[in-house]
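Student: Right, I'll just put the structure down here and ask away after.
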Amino acid sequence: MKMSERKLRVMVAKPGLDGHDRGARVLARCFRDAGFEVIYTGCHQTPAQIASSAIQEDVDLVGLSCLSGAHRYLFPQVVKLLQESGAGDITVIGGGIIPDQDFQKLYDAGIKAIFVPGTPLDVIVDWIKKNVKPLE
Amino acid sequence: MEIGKKIKAGDIRAASRLIRDIEDSIPEAKSTIKHIFSYTGKAQVVGITGSPGAGKSTLVDGLVEANRKSNRTVGVLAVDPTSPFTGGATLGDRIRMQRHAEDPGVFIRSLATRGSLGGLSKAVGDAIHVMDAMGKDIILVETVGTGQQEVEIINYAHTVIVVLVPGMGDEIQAIKAGIMEIADIFVVNKSDREGAGKLQRELMAMLDMSPIAAGGWRPPIVTIGNSFKPEEFERDIGKLTARVHEHYEFLVSSDLIGDRLRRKTMHELNEALRSSILEPVLNMLVSTGELDRMVEKLLKKESDPCSLAEEVARKYLQECI
């Protein structure tokens with residue numbers, strides 16, 4: 001039992017015109033079971049809505065899910081808006097239907113990891129635990 | 001004090017981080033709260049409570065919209081439950097409020113209960129102070145989906161809205177103690193559904209039998225229809241907003257606001273005493289391993305919890321015992 005305890009806060013968000021959120025919901029549930037506090041913002045979000053919600057919620061990580069094919073615009077846009085608001089320290093990862101040839105472009109734009117369908121859930125949780133450190 | 005200044009200037013990042021430090025019980029957060037305390041007390045605080053799925057978040061979204069239309073800045077604190085097994089939480093209230101995500105006049109912050117049982121989070125009082133110090137005109141506090149007993153919201157809000165939906169049970173439910181007693185305003189939500197009229201009549205019968213409250217306020221019942229019909233919904237929310245306003249005016253004019261403030265302050269002092277007295281002692285017991293030894297003793301039936309607690313009190317709280 002410890003009195004002060006840092007807890008990881010993560011946000012799961014779906015940018016753009018994409019109503020397929022089964023995967024995002026499964027992840028939200030899985031992050032909850034991993035002991036994180038998960039904010040889920042629902043479907044059809046603009047990058048600006050996602051960035052401003054992430055700041056209001058003071059999350060450590062934003063997980064973006066996109067199955068519509070617009071990830072090459074939407075994902076970097078979220079990173080850019082976070083940076084512009086002085087919140088570039090928030091880790092952004094992505095997932096969904098992402099072709100192999102787009103990975104590098106997304107990494108270059110500041111997306112720290114990409115997980116496509118078929119990835120075991122604990123791989124994602126382990127990645128987060130290893131790469132996103134709770135606040136000092 | 002740098003953070004204090006940022007918060008007074010309305011810096012959302014600083015405010016949200018401070019709320020997080022409070023949630024995580026970081027000691028420095030306390031000193032910031034001390035610093036901003038004198039800037040608090042201006043905001044109107046409205047609590048929204050009711051069972052899971054009653055439509056609280058959607059109502060909050062409507063109230064945000066109505067307040068923004070009259071140019072008032074809004075803070076929202078939305079509480080959802082923490083898992084007792086993993087400590088994790090799914091915070092999904094803001095899904096219903098995302099149309100306000102980009103509005104700089106609205107600050108929505110989700111909180112997990114982290115083991116609190118009263119329908120709120122332990123951090124909620126200080127989180128209200130933070131939003132208050134930021135200059136928000138109105139702060140809407142949405143509780144977790146409540147059952148019958150989670151009434152802690154009365155210690156924080158000027159006005160408590162209890163949201164009910166048709167089909168919650170027979171009229172006996174309406175005369176039970178607890179949540180049915182704390183409403184300043186009742187909402188019969190999803191009133192297009194079967195049973196809404198019956199629920200309204202039961203509430204009226206319940207109120208007819210209730211003793212007249214201090215100052216003579218009788219909780220009004222506001223019916224709110226289908227939120228998927230925007231015009232109707234907006235009209236109904238307008239009725240609710242008017243009632244909230246009336247209740248606040250009533251508190252001010254009847255001077256009952258003083259009583260509420262006293263209750264609020266008393267509660268706050270209670271909590272502060274608890275954390276200032278109990279937490280250091282607990283920390284000590286944990287770090288020295290004494291707590292584990294005490295648990296062992298209890299398991300072996302060598303002592304009982306009361307005697308052990310008294311022993312600790314004799315050791316640390318000499319003057320009181």
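Note on naming: chains are A, B, ... as they come in the structure tokens, residues start from 1 per chain, ligands start from 1 in the order shown.
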Enumerate as number ranges by chain the residues belonging to chain B that approach chain A to within 8 Å, with only C-alpha atoms taken into account.
Tutor: B: 12-13, 16-17, 20, 24-27, 83, 86-92, 94-95, 98, 101-102, 107-110, 112, 279, 283, 286
Student: Could you name the residues that touch Ile97 (chain A) at 8 Å or less, counting only C-alpha atoms, but leaving out those on the same chain fewer than 2 positions away, as a list in words?
Tutor: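 The contact residues come out as Cys66, Leu67, Ser68, Gly69, Gly95, Pro99, Val116 and Pro117 of chain A.
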Student: With all heavy atoms retained, export the selected residues as a PDB file, in the first residue's frame.
Tutor:
ATOM      1  N   CYS A  66      -7.663   3.649 -37.066  1.00  0.00           N
ATOM      2  CA  CYS A  66      -8.234   4.106 -38.332  1.00  0.00           C
ATOM      3  C   CYS A  66      -8.352   2.947 -39.307  1.00  0.00           C
ATOM      4  O   CYS A  66      -7.373   2.262 -39.596  1.00  0.00           O
ATOM      5  CB  CYS A  66      -7.362   5.209 -38.922  1.00  0.00           C
ATOM      6  SG  CYS A  66      -8.003   5.858 -40.464  1.00  0.00           S
ATOM      7  N   LEU A  67      -9.558   2.727 -39.792  1.00  0.00           N
ATOM      8  CA  LEU A  67      -9.787   1.638 -40.741  1.00  0.00           C
ATOM      9  C   LEU A  67     -10.248   2.170 -42.092  1.00  0.00           C
ATOM     10  O   LEU A  67     -10.675   1.415 -42.955  1.00  0.00           O
ATOM     11  CB  LEU A  67     -10.845   0.664 -40.175  1.00  0.00           C
ATOM     12  CG  LEU A  67     -10.381  -0.321 -39.107  1.00  0.00           C
ATOM     13  CD1 LEU A  67     -10.032   0.374 -37.807  1.00  0.00           C
ATOM     14  CD2 LEU A  67     -11.436  -1.378 -38.857  1.00  0.00           C
ATOM     15  N   SER A  68     -10.170   3.491 -42.261  1.00  0.00           N
ATOM     16  CA  SER A  68     -10.759   4.081 -43.458  1.00  0.00           C
ATOM     17  C   SER A  68      -9.731   4.346 -44.552  1.00  0.00           C
ATOM     18  O   SER A  68     -10.092   4.658 -45.674  1.00  0.00           O
ATOM     19  CB  SER A  68     -11.442   5.399 -43.088  1.00  0.00           C
ATOM     20  OG  SER A  68     -10.463   6.379 -42.791  1.00  0.00           O
ATOM     21  N   GLY A  69      -8.446   4.249 -44.210  1.00  0.00           N
ATOM     22  CA  GLY A  69      -7.424   4.533 -45.214  1.00  0.00           C
ATOM     23  C   GLY A  69      -6.902   5.959 -45.163  1.00  0.00           C
ATOM     24  O   GLY A  69      -5.999   6.326 -45.914  1.00  0.00           O
ATOM     25  N   GLY A  95      -3.076   2.306 -35.085  1.00  0.00           N
ATOM     26  CA  GLY A  95      -3.411   0.943 -35.484  1.00  0.00           C
ATOM     27  C   GLY A  95      -4.568   0.950 -36.453  1.00  0.00           C
ATOM     28  O   GLY A  95      -5.154   1.995 -36.725  1.00  0.00           O
ATOM     29  N   PRO A  99      -1.260  -0.182 -44.501  1.00  0.00           N
ATOM     30  CA  PRO A  99      -0.361  -0.960 -45.373  1.00  0.00           C
ATOM     31  C   PRO A  99       1.106  -0.818 -44.940  1.00  0.00           C
ATOM     32  O   PRO A  99       1.502   0.258 -44.463  1.00  0.00           O
ATOM     33  CB  PRO A  99      -0.563  -0.314 -46.748  1.00  0.00           C
ATOM     34  CG  PRO A  99      -1.759   0.568 -46.629  1.00  0.00           C
ATOM     35  CD  PRO A  99      -1.922   0.920 -45.184  1.00  0.00           C
ATOM     36  N   VAL A 116      -1.156  -3.612 -36.229  1.00  0.00           N
ATOM     37  CA  VAL A 116      -2.197  -3.955 -37.203  1.00  0.00           C
ATOM     38  C   VAL A 116      -3.000  -5.150 -36.703  1.00  0.00           C
ATOM     39  O   VAL A 116      -2.606  -5.803 -35.732  1.00  0.00           O
ATOM     40  CB  VAL A 116      -1.578  -4.214 -38.593  1.00  0.00           C
ATOM     41  CG1 VAL A 116      -1.042  -2.912 -39.181  1.00  0.00           C
ATOM     42  CG2 VAL A 116      -0.487  -5.262 -38.516  1.00  0.00           C
ATOM     43  N   PRO A 117      -4.134  -5.444 -37.366  1.00  0.00           N
ATOM     44  CA  PRO A 117      -4.973  -6.555 -36.910  1.00  0.00           C
ATOM     45  C   PRO A 117      -4.168  -7.852 -36.770  1.00  0.00           C
ATOM     46  O   PRO A 117      -3.266  -8.114 -37.556  1.00  0.00           O
ATOM     47  CB  PRO A 117      -6.007  -6.685 -38.029  1.00  0.00           C
ATOM     48  CG  PRO A 117      -6.119  -5.306 -38.589  1.00  0.00           C
ATOM     49  CD  PRO A 117      -4.740  -4.728 -38.496  1.00  0.00           C
TER      50      PRO A 117
END
Student: Determine which residues of region 5-105 of chain A receive a DSSP assignment of strand (DSSP E), computed from the backbone, and state them as a list in words.
Tutor: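 Here is the list: Arg9, Val10, Met11, Val12, Ala13, Glu37, Val38, Ile39, Tyr40, Leu61, Val62, Gly63, Leu64, Ser65, Cys66, Thr91, Val92, Ile93, Gly94, Gly95 and Gly96 of chain A.
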Student: Which residue is closest to Ile277 (chain B)? Choose from B:Leu256, B:Ile19, B:Val76, B:Leu317 and count only C-alpha atoms.
Tutor: B:Leu317
Student: Excluding Ala133 (chain B) and residues on its chain fewer than 3 positions from it, collect all residues at most 7 Å away from it, counting only C-alpha atoms, and give them as a PyMOL selection string.
Tutor: chain B and resi 7-8+36+39-40+129-130
Student: The selected residues should be written to file as a short mmCIF file (atom, residue, chain, number, x, y, z; two decimals), in the first residue's frame (atoms: N, CA, C and O atoms).
Tutor:
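New file selection-v7.cif:
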data_model
loop_
_atom_site.label_atom_id
_atom_site.label_comp_id
_atom_site.auth_asym_id
_atom_site.auth_seq_id
_atom_site.Cartn_x
_atom_site.Cartn_y
_atom_site.Cartn_z
N ILE B 7 -2.85 28.52 -13.58
CA ILE B 7 -4.21 28.06 -13.41
C ILE B 7 -5.19 29.23 -13.40
O ILE B 7 -6.23 29.20 -14.04
N LYS B 8 -4.80 30.30 -12.70
CA LYS B 8 -5.66 31.48 -12.69
C LYS B 8 -5.81 32.06 -14.09
O LYS B 8 -6.83 32.64 -14.44
N ILE B 36 -4.11 28.35 -4.36
CA ILE B 36 -5.23 28.84 -5.17
C ILE B 36 -6.54 28.91 -4.37
O ILE B 36 -7.52 29.46 -4.85
N TYR B 39 -8.76 31.90 -4.28
CA TYR B 39 -9.40 32.35 -5.52
C TYR B 39 -10.66 31.55 -5.83
O TYR B 39 -11.25 31.69 -6.89
N THR B 40 -11.04 30.68 -4.93
CA THR B 40 -12.18 29.82 -5.21
C THR B 40 -13.44 30.34 -4.52
O THR B 40 -13.38 31.25 -3.70
N HIS B 129 -12.09 22.98 -7.02
CA HIS B 129 -11.33 24.20 -6.70
C HIS B 129 -10.48 24.65 -7.88
O HIS B 129 -10.38 25.84 -8.17
N VAL B 130 -9.86 23.68 -8.56
CA VAL B 130 -8.99 24.03 -9.68
C VAL B 130 -9.80 24.72 -10.78
O VAL B 130 -9.43 25.79 -11.27
#
Student: Quick one: of B:Gly215, B:Gly53, B:Gly147, B:Gly10, who's nearest to Met134 (chain B), counting only C-alpha atoms?
Tutor: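 Closest to Met134 (chain B) of all the choices is B:Gly10.
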Student: List every residue of region 5-81 of chain A that DSSP, applied to the backbone, labels as alpha helix (DSSP H), and write the result as a ChimeraX atom specification.
Tutor: /A:22-33,47-57,71-81
Student: Rounded to one decimal, what separation in Å do you get between CA of Thr32 (chain B) and CA of Val124 (chain B)?
Tutor: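 The value is 15.5 Å.
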Student: If we count only C-alpha atoms and set the cut-off at 10 Å, which residues sit around Arg193 (chain B), ignoring sequence neighbours fewer than 2 positions away in its own chain? Please answer as a ChimeraX atom specification.
Tutor: /B:165-167,189-191,195-197,225-226
Student: Between B:Gly4, B:Gly55, B:Gly216, B:Gly118, which is the closest to Val151 (chain B) once you count only C-alpha atoms?
Tutor: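 Between B:Gly4, B:Gly55, B:Gly216, B:Gly118, the residue approaching Val151 (chain B) most closely is B:Gly118.
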Student: If we count only C-alpha atoms, what is near Gly94 (chain A) at a cut-off of 12 Å, once residues fewer than 2 positions away on the same chain are taken out, given as a VMD selection string?
Tutor: chain A and resid 11 to 15 23 to 24 27 61 to 67 71 to 72 74 to 76 78 to 79 91 to 92 96 to 98 102 to 103 106 to 107 109 to 117 124
Student: Would you output that residue set with N, CA and C atoms, as a CSV table (one decimal), in the first residue's frame?
Tutor:
chain,number,residue,atom,x,y,z
A,11,MET,N,-5.6,7.5,-23.9
A,11,MET,CA,-6.8,7.8,-24.6
A,11,MET,C,-6.9,7.0,-25.9
A,12,VAL,N,-8.0,6.4,-26.2
A,12,VAL,CA,-8.3,5.7,-27.4
A,12,VAL,C,-9.2,6.5,-28.3
A,13,ALA,N,-8.8,6.8,-29.5
A,13,ALA,CA,-9.6,7.7,-30.3
A,13,ALA,C,-9.6,7.2,-31.7
A,14,LYS,N,-10.8,7.6,-32.4
A,14,LYS,CA,-10.9,7.2,-33.8
A,14,LYS,C,-11.1,8.5,-34.6
A,15,PRO,N,-10.1,8.8,-35.3
A,15,PRO,CA,-10.2,10.0,-36.2
A,15,PRO,C,-10.9,9.8,-37.5
A,23,GLY,N,-12.6,-2.7,-32.7
A,23,GLY,CA,-11.1,-2.9,-32.3
A,23,GLY,C,-10.8,-1.9,-31.2
A,24,ALA,N,-11.2,-0.6,-31.4
A,24,ALA,CA,-10.9,0.4,-30.4
A,24,ALA,C,-11.5,0.1,-29.1
A,27,LEU,N,-9.6,-2.7,-27.4
A,27,LEU,CA,-8.4,-2.1,-26.8
A,27,LEU,C,-8.6,-1.3,-25.5
A,61,LEU,N,-0.6,8.9,-23.3
A,61,LEU,CA,-0.5,8.2,-24.6
A,61,LEU,C,-1.9,8.3,-25.3
A,62,VAL,N,-1.8,8.6,-26.6
A,62,VAL,CA,-3.0,8.5,-27.4
A,62,VAL,C,-2.9,7.4,-28.4
A,63,GLY,N,-3.8,6.5,-28.4
A,63,GLY,CA,-3.9,5.4,-29.4
A,63,GLY,C,-4.9,5.7,-30.4
A,64,LEU,N,-4.5,5.8,-31.7
A,64,LEU,CA,-5.4,6.2,-32.8
A,64,LEU,C,-5.8,4.9,-33.6
A,65,SER,N,-7.0,4.8,-33.9
A,65,SER,CA,-7.5,3.7,-34.7
A,65,SER,C,-8.1,4.2,-35.9
A,66,CYS,N,-7.7,3.6,-37.1
A,66,CYS,CA,-8.2,4.1,-38.3
A,66,CYS,C,-8.4,2.9,-39.3
A,67,LEU,N,-9.6,2.7,-39.8
A,67,LEU,CA,-9.8,1.6,-40.7
A,67,LEU,C,-10.2,2.2,-42.1
A,71,HIS,N,-5.3,7.3,-42.7
A,71,HIS,CA,-4.3,7.5,-41.6
A,71,HIS,C,-3.2,8.4,-42.0
A,72,ARG,N,-2.8,8.4,-43.2
A,72,ARG,CA,-1.6,9.1,-43.6
A,72,ARG,C,-1.8,10.6,-43.4
A,74,LEU,N,-4.5,11.8,-41.1
A,74,LEU,CA,-5.1,12.0,-39.8
A,74,LEU,C,-4.0,11.8,-38.7
A,75,PHE,N,-3.3,10.7,-38.7
A,75,PHE,CA,-2.3,10.5,-37.6
A,75,PHE,C,-1.3,11.6,-37.5
A,76,PRO,N,-0.6,12.0,-38.6
A,76,PRO,CA,0.4,13.0,-38.4
A,76,PRO,C,-0.3,14.4,-37.9
A,78,VAL,N,-2.7,14.8,-35.8
A,78,VAL,CA,-2.9,14.7,-34.3
A,78,VAL,C,-1.5,15.1,-33.7
A,79,VAL,N,-0.4,14.4,-34.2
A,79,VAL,CA,0.9,14.7,-33.6
A,79,VAL,C,1.2,16.2,-33.7
A,91,THR,N,2.8,10.6,-26.1
A,91,THR,CA,3.2,9.5,-27.0
A,91,THR,C,1.9,9.2,-27.9
A,92,VAL,N,2.1,9.1,-29.2
A,92,VAL,CA,1.0,8.8,-30.1
A,92,VAL,C,1.4,7.5,-30.8
A,96,GLY,N,-4.9,-0.2,-37.0
A,96,GLY,CA,-6.0,-0.3,-37.9
A,96,GLY,C,-5.5,-0.9,-39.2
A,97,ILE,N,-6.2,-0.6,-40.3
A,97,ILE,CA,-5.8,-1.1,-41.6
A,97,ILE,C,-4.7,-0.2,-42.2
A,98,ILE,N,-3.4,-0.5,-41.9
A,98,ILE,CA,-2.3,0.3,-42.3
A,98,ILE,C,-1.4,-0.5,-43.2
A,102,ASP,N,3.3,2.2,-45.6
A,102,ASP,CA,3.0,3.5,-44.9
A,102,ASP,C,3.7,3.7,-43.6
A,103,PHE,N,4.2,2.5,-43.0
A,103,PHE,CA,4.7,2.5,-41.7
A,103,PHE,C,5.8,3.6,-41.5
A,106,LEU,N,4.7,7.2,-41.3
A,106,LEU,CA,4.0,7.5,-40.0
A,106,LEU,C,5.1,7.6,-38.9
A,107,TYR,N,6.1,6.7,-38.9
A,107,TYR,CA,7.1,6.9,-37.9
A,107,TYR,C,7.8,8.2,-38.1
A,109,ALA,N,6.6,10.9,-39.1
A,109,ALA,CA,5.7,12.0,-38.7
A,109,ALA,C,5.5,12.0,-37.2
A,110,GLY,N,6.2,11.0,-36.5
A,110,GLY,CA,6.1,11.1,-35.0
A,110,GLY,C,5.2,10.1,-34.4
A,111,ILE,N,4.7,9.1,-35.2
A,111,ILE,CA,3.9,8.0,-34.6
A,111,ILE,C,4.9,7.0,-34.1
A,112,LYS,N,4.8,6.7,-32.8
A,112,LYS,CA,5.9,5.9,-32.2
A,112,LYS,C,5.7,4.4,-32.4
A,113,ALA,N,4.6,3.9,-32.7
A,113,ALA,CA,4.4,2.5,-33.0
A,113,ALA,C,3.1,2.3,-33.7
A,114,ILE,N,3.1,1.2,-34.5
A,114,ILE,CA,1.9,0.9,-35.3
A,114,ILE,C,1.6,-0.6,-35.1
A,115,PHE,N,0.3,-0.9,-34.8
A,115,PHE,CA,-0.1,-2.2,-34.5
A,115,PHE,C,-1.3,-2.6,-35.5
A,116,VAL,N,-1.2,-3.6,-36.2
A,116,VAL,CA,-2.2,-4.0,-37.2
A,116,VAL,C,-3.0,-5.1,-36.7
A,117,PRO,N,-4.1,-5.4,-37.4
A,117,PRO,CA,-5.0,-6.6,-36.9
A,117,PRO,C,-4.2,-7.9,-36.8
A,124,ILE,N,0.8,-5.2,-27.3
A,124,ILE,CA,0.5,-3.7,-27.2
A,124,ILE,C,0.7,-3.2,-25.8
Student: Report the distance between CA of Pro134 (chain A) and CA of Ala123 (chain B) in Å, rounded to one decimal place.
Tutor: 18.9 Å
Student: Compile the contact shell of Gly47 (chain B) as a VMD selection string: residues with an atom at most 12 Å away, counting only C-alpha atoms, same-chain residues fewer than 4 positions apart removed.
Tutor: chain B and resid 56 to 57 59 to 60 63 75 to 79 119 to 120 124 128 138 to 144 151 to 163 182 to 186 244
